[in-house]
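Visitor: Below is the file run.csv, with CSV, C-alpha atoms and all ligand atoms.
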chain,number,residue,atom,x,y,z
J,139,MET,CA,-11.7,-36.0,0.7
J,140,GLN,CA,-9.0,-37.2,3.1
J,141,ILE,CA,-6.7,-34.5,4.4
J,142,GLU,CA,-3.5,-35.4,6.3
J,143,ILE,CA,-1.0,-33.1,8.0
J,144,ASP,CA,2.6,-34.5,7.9
J,145,LYS,CA,3.5,-35.1,11.6
J,146,LYS,CA,7.2,-34.6,10.8
J,147,SER,CA,6.7,-31.1,9.3
J,148,GLY,CA,6.8,-27.9,11.3
J,149,PHE,CA,9.3,-26.3,13.7
J,150,CYS,CA,12.7,-28.0,14.3
J,151,PHE,CA,13.8,-28.3,17.9
J,152,GLY,CA,16.0,-25.2,17.6
J,153,VAL,CA,13.1,-23.0,16.6
J,154,VAL,CA,10.8,-24.6,19.2
J,155,LYS,CA,13.3,-23.6,21.9
J,156,ALA,CA,13.5,-20.0,20.7
J,157,ILE,CA,9.7,-19.6,20.4
J,158,GLU,CA,9.2,-21.1,23.9
J,159,ALA,CA,11.8,-18.8,25.4
J,160,THR,CA,10.1,-15.8,23.7
J,161,ASP,CA,6.6,-16.8,24.9
J,162,GLU,CA,7.9,-17.3,28.4
J,163,MET,CA,9.6,-13.9,28.5
J,164,LEU,CA,6.6,-12.2,27.1
J,165,GLU,CA,4.5,-13.7,29.8
J,166,LYS,CA,7.0,-12.4,32.4
J,167,GLU,CA,8.0,-9.0,31.0
J,168,GLY,CA,5.4,-8.1,28.4
J,169,LYS,CA,8.0,-6.9,26.0
J,170,ILE,CA,11.0,-8.4,24.4
J,171,TYR,CA,13.2,-7.3,21.4
J,172,SER,CA,14.1,-10.0,18.9
J,173,LEU,CA,17.4,-9.3,17.1
J,174,GLY,CA,16.3,-10.1,13.5
J,175,GLN,CA,13.2,-12.2,12.5
J,176,ILE,CA,12.8,-14.9,15.1
J,177,VAL,CA,11.6,-17.3,12.4
J,178,HIS,CA,11.2,-16.9,8.7
J,179,ASN,CA,7.4,-17.0,9.0
J,180,LYS,CA,5.3,-13.9,8.9
J,181,GLU,CA,2.2,-15.5,10.6
J,182,GLU,CA,4.2,-16.7,13.6
J,183,ILE,CA,6.0,-13.3,13.9
J,184,ASN,CA,2.6,-11.5,13.8
J,185,ARG,CA,1.4,-13.8,16.7
J,186,LEU,CA,4.4,-13.0,18.8
J,187,GLU,CA,4.4,-9.3,17.9
J,188,ASP,CA,0.7,-9.1,19.0
J,189,LYS,CA,1.9,-10.4,22.4
J,190,GLY,CA,4.6,-7.6,22.7
J,191,MET,CA,7.7,-8.8,20.8
J,192,VAL,CA,9.5,-6.2,18.8
J,193,THR,CA,11.7,-7.2,15.9
J,194,ILE,CA,14.8,-5.0,15.5
J,195,ASN,CA,17.9,-4.9,13.2
J,196,HIS,CA,21.5,-4.7,14.3
J,197,HIS,CA,21.6,-0.9,13.9
J,198,GLU,CA,18.6,-0.5,16.3
J,199,PHE,CA,20.2,-3.0,18.6
J,200,SER,CA,23.4,-1.0,19.0
J,201,ASN,CA,21.4,2.2,19.7
J,202,LEU,CA,19.1,0.7,22.4
J,203,LYS,CA,20.1,0.5,26.1
J,204,LYS,CA,19.1,-1.8,28.9
J,205,LYS,CA,16.5,-3.9,27.1
J,206,THR,CA,15.6,-7.6,27.0
J,207,ILE,CA,17.0,-8.9,23.8
J,208,LEU,CA,16.5,-12.3,22.2
J,209,PHE,CA,19.3,-13.9,20.2
J,210,ARG,CA,17.4,-16.3,17.9
J,211,ALA,CA,18.2,-19.9,16.9
J,212,HIS,CA,20.5,-18.8,14.0
J,213,GLY,CA,23.1,-17.5,16.5
J,214,GLU,CA,25.0,-14.2,16.7
J,215,SER,CA,28.6,-13.1,16.1
J,216,PRO,CA,30.9,-12.3,19.0
J,217,GLU,CA,30.4,-8.6,18.2
J,218,SER,CA,26.7,-8.8,19.2
J,219,TYR,CA,27.6,-10.2,22.6
J,220,ILE,CA,30.1,-7.4,23.1
J,221,THR,CA,27.5,-4.8,22.1
J,222,ALA,CA,24.9,-6.4,24.4
J,223,LYS,CA,27.2,-6.2,27.4
J,224,LYS,CA,28.3,-2.6,26.6
J,225,ASN,CA,24.7,-1.4,26.3
J,226,GLY,CA,23.5,-3.2,29.5
J,227,HIS,CA,21.1,-5.5,27.7
J,228,LYS,CA,19.7,-8.6,29.2
J,229,VAL,CA,20.2,-11.4,26.6
J,230,ILE,CA,17.9,-14.3,26.2
J,231,ASP,CA,20.3,-16.5,24.2
J,232,ALA,CA,18.2,-18.9,22.1
J,233,THR,CA,21.0,-19.9,19.8
J,234,CYS,CA,20.3,-23.5,18.7
J,235,PRO,CA,22.7,-25.9,20.4
J,236,VAL,CA,23.6,-27.3,17.0
J,237,VAL,CA,24.6,-23.8,15.7
J,238,LEU,CA,26.5,-23.1,19.0
J,239,LYS,CA,28.6,-26.2,18.6
J,240,LEU,CA,29.3,-25.4,14.9
J,241,GLN,CA,30.4,-21.9,15.9
J,242,GLN,CA,32.9,-23.4,18.4
J,243,ARG,CA,34.2,-25.9,15.8
J,244,VAL,CA,34.7,-23.1,13.2
J,245,LYS,CA,36.6,-21.0,15.8
J,246,GLN,CA,38.9,-23.9,16.6
J,247,ALA,CA,39.4,-24.8,12.9
J,248,CYS,CA,40.2,-21.1,12.2
J,249,ASP,CA,43.0,-21.2,14.8
J,250,ARG,CA,44.3,-24.5,13.3
J,251,MET,CA,44.3,-23.1,9.8
J,252,GLU,CA,46.1,-19.9,10.9
J,253,LYS,CA,49.0,-22.0,12.2
J,254,VAL,CA,49.5,-23.8,8.8
J,255,ASN,CA,48.7,-20.8,6.5
J,256,GLY,CA,45.5,-22.6,5.5
J,257,GLN,CA,42.1,-21.4,4.4
J,258,LEU,CA,38.8,-21.8,6.4
J,259,VAL,CA,35.9,-22.1,4.0
J,260,ILE,CA,32.2,-21.7,4.9
J,261,PHE,CA,29.6,-23.0,2.4
J,262,GLY,CA,26.6,-20.8,2.8
J,263,LYS,CA,24.4,-17.9,1.7
J,264,ALA,CA,25.8,-14.4,2.0
J,265,GLY,CA,23.8,-12.3,4.4
J,266,HIS,CA,22.1,-15.3,6.1
J,267,ALA,CA,22.1,-14.7,9.9
J,268,GLU,CA,23.7,-18.1,10.7
J,269,VAL,CA,26.5,-17.4,8.2
J,270,ILE,CA,27.2,-14.0,9.6
J,271,GLY,CA,27.5,-15.6,13.1
J,272,LEU,CA,29.8,-18.3,11.7
J,273,MET,CA,32.0,-15.8,9.8
J,274,GLY,CA,32.2,-13.8,12.9
J,275,GLN,CA,34.1,-16.6,14.6
J,276,THR,CA,36.9,-16.3,12.0
J,277,HIS,CA,37.9,-12.7,12.7
J,278,GLY,CA,37.2,-11.9,9.0
J,279,LYS,CA,39.6,-14.6,7.8
J,280,GLY,CA,36.9,-17.1,6.7
J,281,ILE,CA,36.1,-17.5,3.0
J,282,LEU,CA,32.5,-17.6,2.1
J,283,VAL,CA,31.6,-19.9,-0.8
J,284,GLU,CA,28.1,-19.6,-2.1
J,285,GLY,CA,28.5,-21.8,-5.2
J,286,MET,CA,30.9,-23.2,-7.8
J,287,HIS,CA,31.7,-19.7,-9.1
J,288,ASP,CA,33.3,-18.8,-5.7
J,289,LEU,CA,35.8,-21.7,-5.8
J,290,ASP,CA,38.2,-19.6,-7.8
J,291,LYS,CA,38.8,-17.6,-4.6
J,292,LEU,CA,40.7,-20.5,-3.1
J,293,ASP,CA,44.5,-21.2,-3.3
J,294,TYR,CA,44.8,-24.9,-4.1
J,295,SER,CA,48.4,-25.1,-3.1
J,296,ARG,CA,47.5,-24.3,0.6
J,297,PRO,CA,45.5,-26.3,3.2
J,298,ILE,CA,41.7,-26.0,3.0
J,299,GLU,CA,39.1,-26.9,5.7
J,300,THR,CA,35.4,-26.6,5.0
J,301,PHE,CA,32.2,-26.2,7.0
J,302,SER,CA,28.7,-25.5,5.9
J,303,GLN,CA,25.6,-23.6,7.0
J,304,THR,CA,23.3,-26.1,8.7
J,305,THR,CA,20.5,-25.6,6.2
J,306,MET,CA,22.6,-25.8,3.1
J,307,ASN,CA,21.6,-28.1,0.2
J,308,VAL,CA,23.6,-31.3,0.6
J,309,ASP,CA,23.8,-32.0,-3.1
J,310,LYS,CA,25.3,-28.6,-3.8
J,311,ILE,CA,27.9,-29.1,-1.1
J,312,LYS,CA,28.8,-32.5,-2.5
J,313,GLU,CA,29.4,-30.9,-6.0
J,314,MET,CA,31.7,-28.2,-4.5
J,315,ILE,CA,33.6,-30.7,-2.4
J,316,SER,CA,34.3,-32.9,-5.4
J,317,GLU,CA,35.5,-29.9,-7.4
J,318,ILE,CA,37.9,-28.9,-4.6
J,319,LYS,CA,39.2,-32.4,-4.6
J,320,LYS,CA,39.9,-32.2,-8.3
J,321,ARG,CA,41.7,-28.9,-8.0
J,322,ILE,CA,43.8,-29.3,-4.8
J,323,ASN,CA,47.5,-30.1,-5.4
J,324,ASP,CA,47.8,-32.5,-2.5
J,325,PRO,CA,44.6,-34.4,-1.2
J,326,SER,CA,46.1,-34.5,2.4
J,327,LEU,CA,45.8,-30.7,2.5
J,328,PHE,CA,42.0,-30.9,2.3
J,329,LYS,CA,39.6,-31.6,5.2
J,330,THR,CA,35.8,-31.3,5.0
J,331,ASN,CA,33.2,-31.4,7.8
J,332,ASN,CA,29.6,-32.3,7.3
J,333,THR,CA,27.8,-29.8,9.3
J,334,THR,CA,24.3,-29.8,7.8
J,335,CYS,CA,21.6,-30.3,10.3
J,336,ARG,CA,19.8,-33.6,10.2
J,337,GLN,CA,16.6,-31.8,11.2
J,338,VAL,CA,16.6,-30.5,7.7
J,339,SER,CA,18.4,-33.1,5.7
J,340,ASP,CA,16.3,-36.0,7.0
J,341,ARG,CA,13.2,-34.2,5.8
J,342,PHE,CA,14.1,-34.4,2.2
J,343,ALA,CA,13.9,-38.2,2.1
J,344,HIS,CA,10.8,-38.2,4.2
J,345,LEU,CA,8.9,-35.6,2.1
J,346,ARG,CA,9.9,-37.5,-1.1
J,347,SER,CA,7.8,-40.5,0.0
J,348,PHE,CA,5.1,-38.3,1.7
J,349,ALA,CA,4.5,-36.3,-1.5
J,350,LYS,CA,4.0,-39.5,-3.5
J,351,LYS,CA,1.1,-40.7,-1.3
J,352,PHE,CA,-1.3,-37.9,-2.2
J,353,ASP,CA,-3.2,-36.5,-5.2
J,354,VAL,CA,-2.4,-33.0,-4.1
J,355,ILE,CA,0.3,-31.5,-1.8
J,356,VAL,CA,-0.1,-28.2,-0.1
J,357,PHE,CA,3.2,-26.9,1.2
J,358,VAL,CA,2.9,-24.2,3.9
J,359,GLY,CA,6.0,-22.0,4.3
J,360,GLY,CA,7.3,-18.4,4.6
J,361,LYS,CA,8.1,-16.7,1.4
J,362,ASN,CA,11.5,-15.7,2.7
J,363,SER,CA,12.3,-19.2,4.2
J,364,SER,CA,15.0,-20.8,2.1
J,365,ASN,CA,14.6,-24.3,3.7
J,366,SER,CA,10.8,-24.1,2.9
J,367,LYS,CA,11.6,-23.3,-0.7
J,368,MET,CA,14.0,-26.2,-1.0
J,369,LEU,CA,11.7,-28.7,0.7
J,370,TYR,CA,8.8,-27.5,-1.5
J,371,GLU,CA,10.9,-28.1,-4.6
J,372,GLU,CA,11.5,-31.7,-3.4
J,373,CYS,CA,7.7,-32.2,-3.1
J,374,LYS,CA,7.1,-30.7,-6.5
J,375,ARG,CA,9.7,-33.0,-8.1
J,376,ASN,CA,7.9,-36.1,-6.6
J,377,ASN,CA,4.4,-34.8,-7.0
J,378,PRO,CA,3.7,-32.2,-9.8
J,379,GLN,CA,0.4,-31.3,-8.1
J,380,SER,CA,2.2,-29.6,-5.2
J,381,TYR,CA,1.4,-26.0,-4.3
J,382,PHE,CA,3.3,-23.5,-2.1
J,383,ILE,CA,1.2,-21.2,0.2
J,384,SER,CA,2.0,-19.0,3.2
J,385,ASN,CA,-1.5,-18.8,4.7
J,386,PRO,CA,-5.0,-20.3,4.1
J,387,GLU,CA,-6.1,-17.3,2.1
J,388,GLU,CA,-3.8,-18.4,-0.7
J,389,LEU,CA,-5.6,-21.7,-1.3
J,390,LYS,CA,-7.3,-22.0,-4.6
J,391,LYS,CA,-10.5,-24.0,-5.1
J,392,GLU,CA,-9.5,-25.3,-8.5
J,393,TRP,CA,-6.6,-27.3,-7.0
J,394,PHE,CA,-9.2,-29.6,-5.4
J,395,ASN,CA,-11.4,-30.9,-8.2
J,396,ASP,CA,-13.6,-34.0,-8.1
J,397,SER,CA,-10.8,-36.4,-8.9
J,398,VAL,CA,-8.8,-35.3,-5.8
J,399,GLU,CA,-9.3,-37.8,-3.0
J,400,LYS,CA,-6.2,-37.4,-0.8
J,401,VAL,CA,-4.5,-34.1,0.2
J,402,GLY,CA,-1.2,-33.9,2.1
J,403,ILE,CA,-0.2,-30.8,4.0
J,404,CYS,CA,3.4,-30.3,5.0
J,405,GLY,CA,5.8,-27.4,5.8
J,406,GLY,CA,9.4,-26.4,6.6
J,407,THR,CA,11.3,-26.1,9.8
J,408,SER,CA,10.0,-22.5,10.3
J,409,THR,CA,6.3,-23.4,9.7
J,410,PRO,CA,4.1,-23.4,12.8
J,411,PHE,CA,1.9,-26.5,13.3
J,412,TRP,CA,-1.2,-24.3,14.0
J,413,LEU,CA,-0.8,-22.7,10.6
J,414,MET,CA,-0.9,-26.1,8.8
J,415,GLU,CA,-4.0,-27.0,11.0
J,416,ASN,CA,-5.7,-23.8,9.8
J,417,VAL,CA,-5.0,-24.8,6.2
J,418,ALA,CA,-6.4,-28.3,6.8
J,419,LYS,CA,-9.6,-26.7,8.3
J,420,THR,CA,-10.0,-24.3,5.3
J,421,ILE,CA,-9.7,-26.8,2.5
J,422,PRO,CA,-13.2,-28.5,3.1
J,423,GLU,CA,-14.7,-25.0,3.4
J,424,LEU,CA,-13.6,-24.3,-0.2
M,1,LIG,S1,17.6,-26.4,11.5
M,1,LIG,FE1,18.9,-27.5,12.9
M,1,LIG,S2,20.5,-26.1,13.3
M,1,LIG,FE2,18.9,-24.9,12.5
M,1,LIG,S3,17.7,-24.2,14.2
M,1,LIG,FE3,16.8,-26.1,13.5
M,1,LIG,S4,17.7,-27.7,14.8
M,1,LIG,FE4,19.0,-25.9,14.9
The structure given in the file should be rewritten as structure tokens.
Guide:
Amino acid sequence: MQIEIDKKSGFCFGVVKAIEATDEMLEKEGKIYSLGQIVHNKEEINRLEDKGMVTINHHEFSNLKKKTILFRAHGESPESYITAKKNGHKVIDATCPVVLKLQQRVKQACDRMEKVNGQLVIFGKAGHAEVIGLMGQTHGKGILVEGMHDLDKLDYSRPIETFSQTTMNVDKIKEMISEIKKRINDPSLFKTNNTTCRQVSDRFAHLRSFAKKFDVIVFVGGKNSSNSKMLYEECKRNNPQSYFISNPEELKKEWFNDSVEKVGICGGTSTPFWLMENVAKTIPEL
């Protein structure tokens, strides 16, 4: 049986940067507090927590004083920077450069929209860390749109400018944009910005062809990682013999019957490469 790990799968550069910063600080200081889950992958979190990382929520963060705090790749809202300063924390800011740039663009657009009585729209998932950071740039004036049902919130007689969460599904965004275009009174009042991250969007096309090359696909990803779920669904659409697992223990012997000659292993932007390697090693043992 031939087993191949997809070389393009695994951490995106934003996550690599955050993990490297954490490993480095753990070597130096022995303990570091991560504000929220550093990556949506339990196995990688366990590895870092064994080395001394502690994951905290925003409530715990505001009660702690003078600690070393990691701001992860998803980015934080301006309030978190104010709290960190007030509580004397040392901040390791691992906000992904792509997210940082997007935060700045959202802030500038918000000011522009304010001047023309316009609406600043963010396409994204409520409660997602990156979205909270982006909405934080709008001083509560941004309008979060999760899906078509939220489009009724908009006033189509006033200007609208849209941005999206970097990991949002591109097809879903296209659908919403075309609906706004239909509803808006004057097309010149509408501006849209494509802010999905190519580290994610490029993988859809790549996995589409990768999935077709194998008899069986094993997709490795965190259960709470939305980009892993979306990428897995793309594999499944192109190869019905695709299975989602979070660790090697979830592999099932019956997936690899005698007719299976080629197995492809892939994962999301939050899947560590070492975990895919462990899966590759375990399959022959089954
Ligand atoms: S998916 Fe893109 S924006 Fe998000 S952390 Fe990775 S590189 Fe940065």
Visitor: Return the single residue from J:Ile143, J:Ile383, J:Cys335, J:Leu173 that is closest to ligand LIG 1 (chain M), with distances computed using all atoms listed in the file.
Guide: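 Among the listed residues, J:Cys335 lies closest to ligand LIG 1 (chain M).
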Visitor: Between J:Cys248, J:Ile311, J:Val229, J:Val338, which one has atoms that come closest to ligand LIG 1 (chain M), using all atoms listed in the file?
Guide: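 For ligand LIG 1 (chain M), the nearest of the given residues is J:Val338.
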Visitor: Considering all atoms listed in the file, can you say which of J:Asn377, J:Ser363, J:Thr233, J:Asn416 comes closest to ligand LIG 1 (chain M)?
Guide: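 For ligand LIG 1 (chain M), the nearest of the given residues is J:Thr233.
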Visitor: Would you mind telling me which residue in J:Phe301, J:Ser295, J:Ala222, J:Val259 lies nearest to J:Ile281 when using only C-alpha atoms?
Guide: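 Checking each candidate against J:Ile281, we get J:Val259 as the closest.
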Visitor: Would you name the residues within 10 Å of ligand LIG 1 (chain M), counting only C-alpha atoms and all ligand atoms, and put them as a PyMOL selection string?
Guide: chain J and resi 149-156+177+210-213+232-240+268+303-306+333-339+365+406-408
Visitor: So which residues touch stretch 160-167 of chain J within 10 Å, counting only C-alpha atoms, skipping near sequence neighbours fewer than 2 positions away, as a list in words?
Guide: Val154, Lys155, Ala156, Ile157, Glu158, Lys169, Ile170, Tyr171, Ser172, Ile176, Leu186, Glu187, Lys189, Gly190, Met191, Thr206, Ile207, Leu208, Arg210, Ile230 and Ala232 of chain J
Visitor: Calculate how many Å separate atom CA of J:Glu182 from atom CA of J:Pro386, rounding to one decimal.
Guide: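 About the pair atom CA of J:Glu182 and atom CA of J:Pro386: they are 13.7 Å apart.
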Visitor: Find the nearest atom pair between each residue of stretch 263-347 of chain J and stretch 249-256 of chain J for residues within 6 Å, count all atoms listed in the file, give distances in Å to one decimal, sort rows by chain and ascending number, and present the table as a Markdown table.
Guide:
| residue | atom | partner | partner_atom | distance |
| --- | --- | --- | --- | --- |
| J:Arg296 | CA | J:Gly256 | CA | 5.6 |
| J:Pro297 | CA | J:Gly256 | CA | 4.4 |
| J:Ile298 | CA | J:Gly256 | CA | 5.7 |
Visitor: Restricting the calculation to all atoms listed in the file: of J:Lys224, J:Ala418, J:Gly280, J:Ser147, which residue gets closest to J:Asn201?
Guide: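 Comparing J:Lys224, J:Ala418, J:Gly280, J:Ser147 against J:Asn201, the winner is J:Lys224.
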Visitor: Can you save stretch 141-153 of chain J of the given block to a file, including all heavy atoms and formatted as a compact mmCIF listing (two decimals), in the first residue's frame?
Guide:
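After the write, part_33.txt holds the following:
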# COMPACT_ATOMS: atom_id res chain seq x y z
N ILE J 141 1.38 5.12 0.75
CA ILE J 141 0.80 6.16 1.62
C ILE J 141 1.54 7.47 1.37
O ILE J 141 2.78 7.51 1.43
CB ILE J 141 0.92 5.77 3.11
CG1 ILE J 141 0.17 4.46 3.37
CG2 ILE J 141 0.37 6.88 4.02
CD1 ILE J 141 0.39 3.87 4.73
N GLU J 142 0.77 8.51 1.08
CA GLU J 142 1.43 9.80 0.78
C GLU J 142 0.81 10.93 1.61
O GLU J 142 -0.41 11.06 1.67
CB GLU J 142 1.25 10.09 -0.72
CG GLU J 142 2.01 11.32 -1.18
CD GLU J 142 1.78 11.59 -2.68
OE1 GLU J 142 1.78 10.63 -3.49
OE2 GLU J 142 1.59 12.77 -3.02
N ILE J 143 1.68 11.74 2.22
CA ILE J 143 1.18 12.91 2.97
C ILE J 143 1.22 14.11 2.02
O ILE J 143 2.23 14.32 1.34
CB ILE J 143 2.05 13.21 4.20
CG1 ILE J 143 2.12 12.00 5.14
CG2 ILE J 143 1.52 14.42 4.96
CD1 ILE J 143 3.05 12.18 6.34
N ASP J 144 0.13 14.87 1.99
CA ASP J 144 0.08 16.06 1.13
C ASP J 144 1.05 17.12 1.68
O ASP J 144 0.90 17.59 2.81
CB ASP J 144 -1.35 16.60 1.13
CG ASP J 144 -1.45 17.92 0.40
OD1 ASP J 144 -0.68 18.12 -0.55
OD2 ASP J 144 -2.30 18.74 0.79
N LYS J 145 2.03 17.50 0.86
CA LYS J 145 3.06 18.44 1.32
C LYS J 145 2.50 19.85 1.53
O LYS J 145 3.07 20.66 2.23
CB LYS J 145 4.21 18.47 0.33
CG LYS J 145 4.94 17.14 0.33
CD LYS J 145 6.30 17.20 -0.32
CE LYS J 145 6.97 15.84 -0.27
NZ LYS J 145 6.13 14.72 -0.76
N LYS J 146 1.37 20.13 0.89
CA LYS J 146 0.79 21.48 1.04
C LYS J 146 -0.17 21.58 2.23
O LYS J 146 -0.70 22.65 2.50
CB LYS J 146 0.07 21.88 -0.25
CG LYS J 146 1.04 22.11 -1.39
CD LYS J 146 0.37 22.80 -2.54
CE LYS J 146 1.42 23.12 -3.61
NZ LYS J 146 0.82 23.47 -4.87
N SER J 147 -0.41 20.46 2.91
CA SER J 147 -1.29 20.49 4.07
C SER J 147 -0.50 20.89 5.31
O SER J 147 0.73 20.89 5.31
CB SER J 147 -1.92 19.12 4.30
OG SER J 147 -2.95 18.90 3.39
N GLY J 148 -1.22 21.19 6.37
CA GLY J 148 -0.55 21.55 7.63
C GLY J 148 -0.60 23.04 7.87
O GLY J 148 -1.25 23.78 7.12
N PHE J 149 0.09 23.46 8.93
CA PHE J 149 0.01 24.85 9.36
C PHE J 149 0.24 25.87 8.25
O PHE J 149 1.16 25.72 7.44
CB PHE J 149 1.08 25.14 10.43
CG PHE J 149 0.88 24.44 11.74
CD1 PHE J 149 1.96 24.22 12.58
CD2 PHE J 149 -0.38 24.01 12.14
CE1 PHE J 149 1.79 23.59 13.80
CE2 PHE J 149 -0.55 23.38 13.36
CZ PHE J 149 0.53 23.17 14.19
N CYS J 150 -0.55 26.93 8.25
CA CYS J 150 -0.29 28.08 7.36
C CYS J 150 0.82 28.91 8.01
O CYS J 150 1.16 28.69 9.18
CB CYS J 150 -1.56 28.91 7.24
SG CYS J 150 -2.11 29.54 8.84
N PHE J 151 1.35 29.90 7.29
CA PHE J 151 2.51 30.61 7.85
C PHE J 151 2.15 31.40 9.10
O PHE J 151 2.98 31.59 9.98
CB PHE J 151 3.23 31.46 6.79
CG PHE J 151 2.54 32.74 6.40
CD1 PHE J 151 2.64 33.87 7.20
CD2 PHE J 151 1.78 32.82 5.24
CE1 PHE J 151 2.01 35.05 6.85
CE2 PHE J 151 1.14 33.99 4.89
CZ PHE J 151 1.25 35.11 5.69
N GLY J 152 0.87 31.86 9.20
CA GLY J 152 0.45 32.62 10.39
C GLY J 152 0.51 31.75 11.64
O GLY J 152 0.98 32.18 12.70
N VAL J 153 0.08 30.51 11.51
CA VAL J 153 0.09 29.59 12.66
C VAL J 153 1.54 29.17 12.98
O VAL J 153 1.93 29.10 14.14
CB VAL J 153 -0.83 28.37 12.40
CG1 VAL J 153 -0.68 27.33 13.49
CG2 VAL J 153 -2.28 28.82 12.30
